[in-house]
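Report on the structure given below.
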Amino acid sequence: MLANRDDVGGRAGTDRRTVLRAAVGGTAAAGAVLTFGGSALAAPGGGGAGARPETPPAALRELARGNRRWRDLRQRHPHEGRHIRQVLVSGQRPFALILGCIDSRVPPELVFDQGLGDLMTVRSAGGVLDEAVLGSVAYGVLELDIPLVLVLGHQSCGAVAAAVHAEETGEKLPAHIQYVAEQIFPAIDHSQHGTARVDATVSAHARRVRDALAAEPDLAPRVAAGRLAVVAARYELRDQFVHRLG
């Protein structure tokens with residue numbers, strides 16, 4: 001369980017957080033206006049629209065627009081030019097954090113047609129949680145004030161298929177892969193069979209991870225206040241559509 005930042009008291013704790021912001025974010029003031037070439041420019045976010053989405057609904061809308069461009073083969077490939085690369089030296093303000101699988105067919109920046117500085121991505125096999133993943137998500141939310149965490153499962157997930165197979169047969173997987181499978185076991189949908197079981201488990205696991213994140217003591221107050229949404233979604237390989245899981 002992640003420690004609550006309020007438990008880190010005094011000036012020493014504040015100084016450590018400042019150093020962490022500077023080291024990972026590139027600036028101690030994560031929301032600051034950046035200057036480049038003599039003009040003020042807000043740190044990027046929002047798929048090239050200029051303004052960073054500041055609320056969970058706005059962030060969801062931007063991801064939906066980007067996914068639509070991806071499906072329609074009308075990608076903008078935003079925030080890739082020389083100018084934005086220089087701006088980003090001074091800091092970052094991503095508007096969403098995507099927790100997804102390591103699958104090479106589901107790169108979040110492409111799936112949502114976003115560019116440098118737009119998304120913070122955390123990827124593990126099957127999108128499973130461990131302390132490093134939790135710490136990465138917490139950093140994005142608490143230090144960079146990201147308003148949306150999207151847990152992205154996907155069709156034909158190999159990690160989920162391996163977990164289902166191991167649970168059904170009792171076969172032991174190689175040590176580290178076994179660990180991944182065991183994190184997926186509680187989500188296995190035993191009401192389904194065969195490939196339908198794997199498919200249903202993909203969605204069930206994404207929902208379970210969403211619920212676990214939303215209940216984290218560091219994140220739950222922001223969810224309750226409407227400052228943060230933790231959403232489960234799923235990417236379909238057949239048509240490249242991302243849809244929200246209820």
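Each chain in the structure tokens gets a letter, A, B, ..., in the order shown, and its residues are numbered from 1; ligands are numbered from 1 in order too.
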
Write out as an MDAnalysis selection string each polymer residue whose atoms come within 10 Å of range 123-131 of chain A, counting only C-alpha atoms; drop sequence neighbours fewer than 5 positions from it.
chainID A and resid 1:2 98:103 107:108 136:137 151:154 157:163 177 179:184 202 205:206 208:209 212:213

Within range 10-222 of chain A, find each residue whose DSSP state, derived from the backbone, is helix (DSSP H, G or I), and express the selection as a ChimeraX atom specification.
/A:10-25,56-71,82-90,108-111,125-127,131-144,158-169,175-187,195-214,220-222

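The nearest approach to Leu142 in chain A among the residues A:His193, A:Leu219, A:Ala233, A:Pro53, with only C-alpha atoms taken into account, belongs to A:Leu219.
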
As a PDB file with all heavy atoms, in the first residue's frame, please: every residue in range 100-205 of chain A that a backbone DSSP assignment puts in strand (DSSP E or B).
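Below is the file that was written, part35.pdb:
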ATOM      1  N   GLY A 100      -1.436   0.322 -19.221  1.00  0.00           N
ATOM      2  CA  GLY A 100      -1.779  -0.697 -20.199  1.00  0.00           C
ATOM      3  C   GLY A 100      -0.809  -1.852 -20.204  1.00  0.00           C
ATOM      4  O   GLY A 100       0.101  -1.953 -19.379  1.00  0.00           O
ATOM      5  N   LEU A 119       0.766  12.296 -22.826  1.00  0.00           N
ATOM      6  CA  LEU A 119       0.372  11.146 -22.025  1.00  0.00           C
ATOM      7  C   LEU A 119       1.538  10.662 -21.181  1.00  0.00           C
ATOM      8  O   LEU A 119       2.686  10.653 -21.637  1.00  0.00           O
ATOM      9  CB  LEU A 119      -0.080   9.981 -22.912  1.00  0.00           C
ATOM     10  CG  LEU A 119      -1.238  10.220 -23.866  1.00  0.00           C
ATOM     11  CD1 LEU A 119      -1.526   8.946 -24.663  1.00  0.00           C
ATOM     12  CD2 LEU A 119      -2.481  10.680 -23.114  1.00  0.00           C
ATOM     13  N   MET A 120       1.230  10.228 -19.968  1.00  0.00           N
ATOM     14  CA  MET A 120       2.174   9.448 -19.190  1.00  0.00           C
ATOM     15  C   MET A 120       1.723   7.994 -19.316  1.00  0.00           C
ATOM     16  O   MET A 120       0.543   7.698 -19.092  1.00  0.00           O
ATOM     17  CB  MET A 120       2.189   9.885 -17.730  1.00  0.00           C
ATOM     18  CG  MET A 120       3.161   9.121 -16.862  1.00  0.00           C
ATOM     19  SD  MET A 120       3.399   9.890 -15.238  1.00  0.00           S
ATOM     20  CE  MET A 120       4.536  11.209 -15.684  1.00  0.00           C
ATOM     21  N   THR A 121       2.608   7.113 -19.699  1.00  0.00           N
ATOM     22  CA  THR A 121       2.226   5.725 -19.919  1.00  0.00           C
ATOM     23  C   THR A 121       2.977   4.812 -18.959  1.00  0.00           C
ATOM     24  O   THR A 121       4.182   4.964 -18.739  1.00  0.00           O
ATOM     25  CB  THR A 121       2.491   5.278 -21.367  1.00  0.00           C
ATOM     26  OG1 THR A 121       3.885   5.420 -21.672  1.00  0.00           O
ATOM     27  CG2 THR A 121       1.695   6.122 -22.343  1.00  0.00           C
ATOM     28  N   VAL A 122       2.229   3.878 -18.377  1.00  0.00           N
ATOM     29  CA  VAL A 122       2.786   2.856 -17.503  1.00  0.00           C
ATOM     30  C   VAL A 122       2.346   1.521 -18.094  1.00  0.00           C
ATOM     31  O   VAL A 122       1.159   1.292 -18.285  1.00  0.00           O
ATOM     32  CB  VAL A 122       2.263   2.995 -16.060  1.00  0.00           C
ATOM     33  CG1 VAL A 122       2.896   1.941 -15.160  1.00  0.00           C
ATOM     34  CG2 VAL A 122       2.535   4.398 -15.517  1.00  0.00           C
ATOM     35  N   ARG A 123       3.296   0.637 -18.371  1.00  0.00           N
ATOM     36  CA  ARG A 123       2.952  -0.611 -19.042  1.00  0.00           C
ATOM     37  C   ARG A 123       3.582  -1.801 -18.320  1.00  0.00           C
ATOM     38  O   ARG A 123       4.768  -1.766 -17.964  1.00  0.00           O
ATOM     39  CB  ARG A 123       3.409  -0.571 -20.505  1.00  0.00           C
ATOM     40  CG  ARG A 123       2.808   0.586 -21.284  1.00  0.00           C
ATOM     41  CD  ARG A 123       3.288   0.664 -22.717  1.00  0.00           C
ATOM     42  NE  ARG A 123       2.734  -0.402 -23.541  1.00  0.00           N
ATOM     43  CZ  ARG A 123       2.942  -0.504 -24.860  1.00  0.00           C
ATOM     44  NH1 ARG A 123       3.707   0.381 -25.481  1.00  0.00           N
ATOM     45  NH2 ARG A 123       2.398  -1.496 -25.535  1.00  0.00           N
ATOM     46  N   LEU A 148      -6.829  12.222 -15.148  1.00  0.00           N
ATOM     47  CA  LEU A 148      -7.440  10.993 -15.646  1.00  0.00           C
ATOM     48  C   LEU A 148      -6.436   9.855 -15.653  1.00  0.00           C
ATOM     49  O   LEU A 148      -5.325   9.989 -16.195  1.00  0.00           O
ATOM     50  CB  LEU A 148      -7.961  11.194 -17.072  1.00  0.00           C
ATOM     51  CG  LEU A 148      -8.505   9.949 -17.776  1.00  0.00           C
ATOM     52  CD1 LEU A 148      -9.784   9.458 -17.101  1.00  0.00           C
ATOM     53  CD2 LEU A 148      -8.756  10.220 -19.257  1.00  0.00           C
ATOM     54  N   VAL A 149      -6.812   8.735 -15.050  1.00  0.00           N
ATOM     55  CA  VAL A 149      -6.065   7.479 -15.182  1.00  0.00           C
ATOM     56  C   VAL A 149      -6.961   6.509 -15.932  1.00  0.00           C
ATOM     57  O   VAL A 149      -8.085   6.233 -15.508  1.00  0.00           O
ATOM     58  CB  VAL A 149      -5.690   6.897 -13.807  1.00  0.00           C
ATOM     59  CG1 VAL A 149      -5.060   5.514 -13.975  1.00  0.00           C
ATOM     60  CG2 VAL A 149      -4.738   7.836 -13.068  1.00  0.00           C
ATOM     61  N   LEU A 150      -6.477   6.004 -17.062  1.00  0.00           N
ATOM     62  CA  LEU A 150      -7.248   5.080 -17.871  1.00  0.00           C
ATOM     63  C   LEU A 150      -6.546   3.729 -17.896  1.00  0.00           C
ATOM     64  O   LEU A 150      -5.391   3.624 -18.328  1.00  0.00           O
ATOM     65  CB  LEU A 150      -7.429   5.622 -19.292  1.00  0.00           C
ATOM     66  CG  LEU A 150      -8.367   4.814 -20.186  1.00  0.00           C
ATOM     67  CD1 LEU A 150      -9.249   5.738 -21.019  1.00  0.00           C
ATOM     68  CD2 LEU A 150      -7.603   3.876 -21.104  1.00  0.00           C
ATOM     69  N   VAL A 151      -7.219   2.707 -17.382  1.00  0.00           N
ATOM     70  CA  VAL A 151      -6.702   1.341 -17.385  1.00  0.00           C
ATOM     71  C   VAL A 151      -7.149   0.690 -18.694  1.00  0.00           C
ATOM     72  O   VAL A 151      -8.347   0.521 -18.929  1.00  0.00           O
ATOM     73  CB  VAL A 151      -7.232   0.551 -16.177  1.00  0.00           C
ATOM     74  CG1 VAL A 151      -6.691  -0.884 -16.207  1.00  0.00           C
ATOM     75  CG2 VAL A 151      -6.856   1.246 -14.876  1.00  0.00           C
ATOM     76  N   LEU A 152      -6.201   0.356 -19.540  1.00  0.00           N
ATOM     77  CA  LEU A 152      -6.509  -0.081 -20.905  1.00  0.00           C
ATOM     78  C   LEU A 152      -6.211  -1.567 -21.100  1.00  0.00           C
ATOM     79  O   LEU A 152      -5.058  -1.979 -21.247  1.00  0.00           O
ATOM     80  CB  LEU A 152      -5.704   0.750 -21.905  1.00  0.00           C
ATOM     81  CG  LEU A 152      -6.009   0.529 -23.385  1.00  0.00           C
ATOM     82  CD1 LEU A 152      -7.455   0.914 -23.710  1.00  0.00           C
ATOM     83  CD2 LEU A 152      -5.042   1.324 -24.261  1.00  0.00           C
ATOM     84  N   GLY A 153      -7.263  -2.388 -21.096  1.00  0.00           N
ATOM     85  CA  GLY A 153      -7.124  -3.780 -21.502  1.00  0.00           C
ATOM     86  C   GLY A 153      -7.236  -3.877 -23.019  1.00  0.00           C
ATOM     87  O   GLY A 153      -7.554  -2.906 -23.691  1.00  0.00           O
ATOM     88  N   HIS A 154      -6.992  -5.060 -23.551  1.00  0.00           N
ATOM     89  CA  HIS A 154      -7.095  -5.180 -25.012  1.00  0.00           C
ATOM     90  C   HIS A 154      -7.465  -6.593 -25.430  1.00  0.00           C
ATOM     91  O   HIS A 154      -7.172  -7.577 -24.726  1.00  0.00           O
ATOM     92  CB  HIS A 154      -5.789  -4.757 -25.694  1.00  0.00           C
ATOM     93  CG  HIS A 154      -4.635  -5.680 -25.436  1.00  0.00           C
ATOM     94  ND1 HIS A 154      -4.327  -6.735 -26.263  1.00  0.00           N
ATOM     95  CD2 HIS A 154      -3.716  -5.703 -24.444  1.00  0.00           C
ATOM     96  CE1 HIS A 154      -3.263  -7.364 -25.803  1.00  0.00           C
ATOM     97  NE2 HIS A 154      -2.869  -6.756 -24.692  1.00  0.00           N
TER      98      HIS A 154
END

Residues within 6 Å of range 56-66 of chain A, only C-alpha atoms, excluding chain neighbours under 4 positions, as a PyMOL selection string
chain A and resi 112-113+147-148+229

Contacts of His190 in chain A within 10 Å, only C-alpha atoms, excl. fewer than 3 positions in-chain, as a compact mmCIF listing (two decimals) with all heavy atoms, in the first residue's frame:
# COMPACT_ATOMS: atom_id res chain seq x y z
N VAL A 164 -5.19 -17.70 -17.74
CA VAL A 164 -6.35 -18.59 -17.82
C VAL A 164 -5.89 -20.03 -18.04
O VAL A 164 -6.38 -20.97 -17.38
CB VAL A 164 -7.30 -18.14 -18.93
CG1 VAL A 164 -8.38 -19.21 -19.20
CG2 VAL A 164 -7.96 -16.80 -18.56
N GLU A 168 -6.43 -23.15 -15.40
CA GLU A 168 -7.23 -24.31 -15.82
C GLU A 168 -6.45 -25.62 -15.73
O GLU A 168 -7.01 -26.66 -15.38
CB GLU A 168 -7.72 -24.09 -17.25
CG GLU A 168 -8.79 -23.03 -17.40
CD GLU A 168 -9.17 -22.78 -18.84
OE1 GLU A 168 -8.41 -23.22 -19.75
OE2 GLU A 168 -10.22 -22.15 -19.07
N ALA A 187 -9.46 -12.34 -11.41
CA ALA A 187 -10.39 -11.77 -12.38
C ALA A 187 -10.92 -12.80 -13.36
O ALA A 187 -11.80 -12.47 -14.18
CB ALA A 187 -9.70 -10.63 -13.15
N HIS A 193 -16.27 -20.09 -21.12
CA HIS A 193 -15.40 -21.21 -21.46
C HIS A 193 -14.61 -20.89 -22.72
O HIS A 193 -15.05 -20.10 -23.56
CB HIS A 193 -16.22 -22.48 -21.67
CG HIS A 193 -17.03 -22.86 -20.46
ND1 HIS A 193 -16.51 -23.56 -19.39
CD2 HIS A 193 -18.34 -22.62 -20.16
CE1 HIS A 193 -17.44 -23.72 -18.48
NE2 HIS A 193 -18.57 -23.18 -18.92
N ARG A 197 -13.83 -17.20 -22.29
CA ARG A 197 -13.33 -16.97 -20.93
C ARG A 197 -12.17 -15.98 -20.94
O ARG A 197 -12.10 -15.07 -20.11
CB ARG A 197 -12.90 -18.29 -20.29
CG ARG A 197 -12.26 -18.11 -18.90
CD ARG A 197 -12.00 -19.44 -18.22
NE ARG A 197 -13.27 -20.07 -17.83
CZ ARG A 197 -13.36 -21.25 -17.26
NH1 ARG A 197 -12.27 -21.96 -17.01
NH2 ARG A 197 -14.53 -21.75 -16.92
N VAL A 198 -11.26 -16.16 -21.87
CA VAL A 198 -10.13 -15.23 -21.98
C VAL A 198 -10.65 -13.83 -22.27
O VAL A 198 -10.24 -12.84 -21.62
CB VAL A 198 -9.15 -15.68 -23.08
CG1 VAL A 198 -8.07 -14.61 -23.30
CG2 VAL A 198 -8.52 -17.02 -22.73
N ALA A 200 -13.61 -12.46 -21.70
CA ALA A 200 -14.32 -11.88 -20.55
C ALA A 200 -13.35 -11.51 -19.44
O ALA A 200 -13.55 -10.50 -18.74
CB ALA A 200 -15.36 -12.87 -20.04
N THR A 201 -12.28 -12.27 -19.28
CA THR A 201 -11.31 -11.99 -18.23
C THR A 201 -10.52 -10.73 -18.52
O THR A 201 -10.14 -9.99 -17.60
CB THR A 201 -10.38 -13.19 -18.03
OG1 THR A 201 -11.16 -14.34 -17.67
CG2 THR A 201 -9.34 -12.93 -16.95

At what distance in Å, to one decimal, does CA of His243 in chain A lie from CA of Gly140 in chain A?
22.9 Å

Nearest-residue call for Arg82 in chain A, choices A:Ile146, A:Leu245, A:Leu116, A:Ala220, using only C-alpha atoms:
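Distance minimum relative to Arg82 in chain A lands on A:Leu116.
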
Using only C-alpha atoms, the residue out of A:Ser156, A:Phe95, A:Gly135, A:Gly81 with shortest distance to Arg238 in chain A is A:Ser156

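Among the candidates A:Arg234, A:Val223, A:Ala96, A:Arg76, the residue lying nearest to Asp211 in chain A is A:Val223 (atoms considered: only C-alpha atoms).
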
Determine the nearest neighbour of Gly194 in chain A from the options A:His165, A:Arg210, A:Arg222, A:Arg68, counting only C-alpha atoms.
A:His165
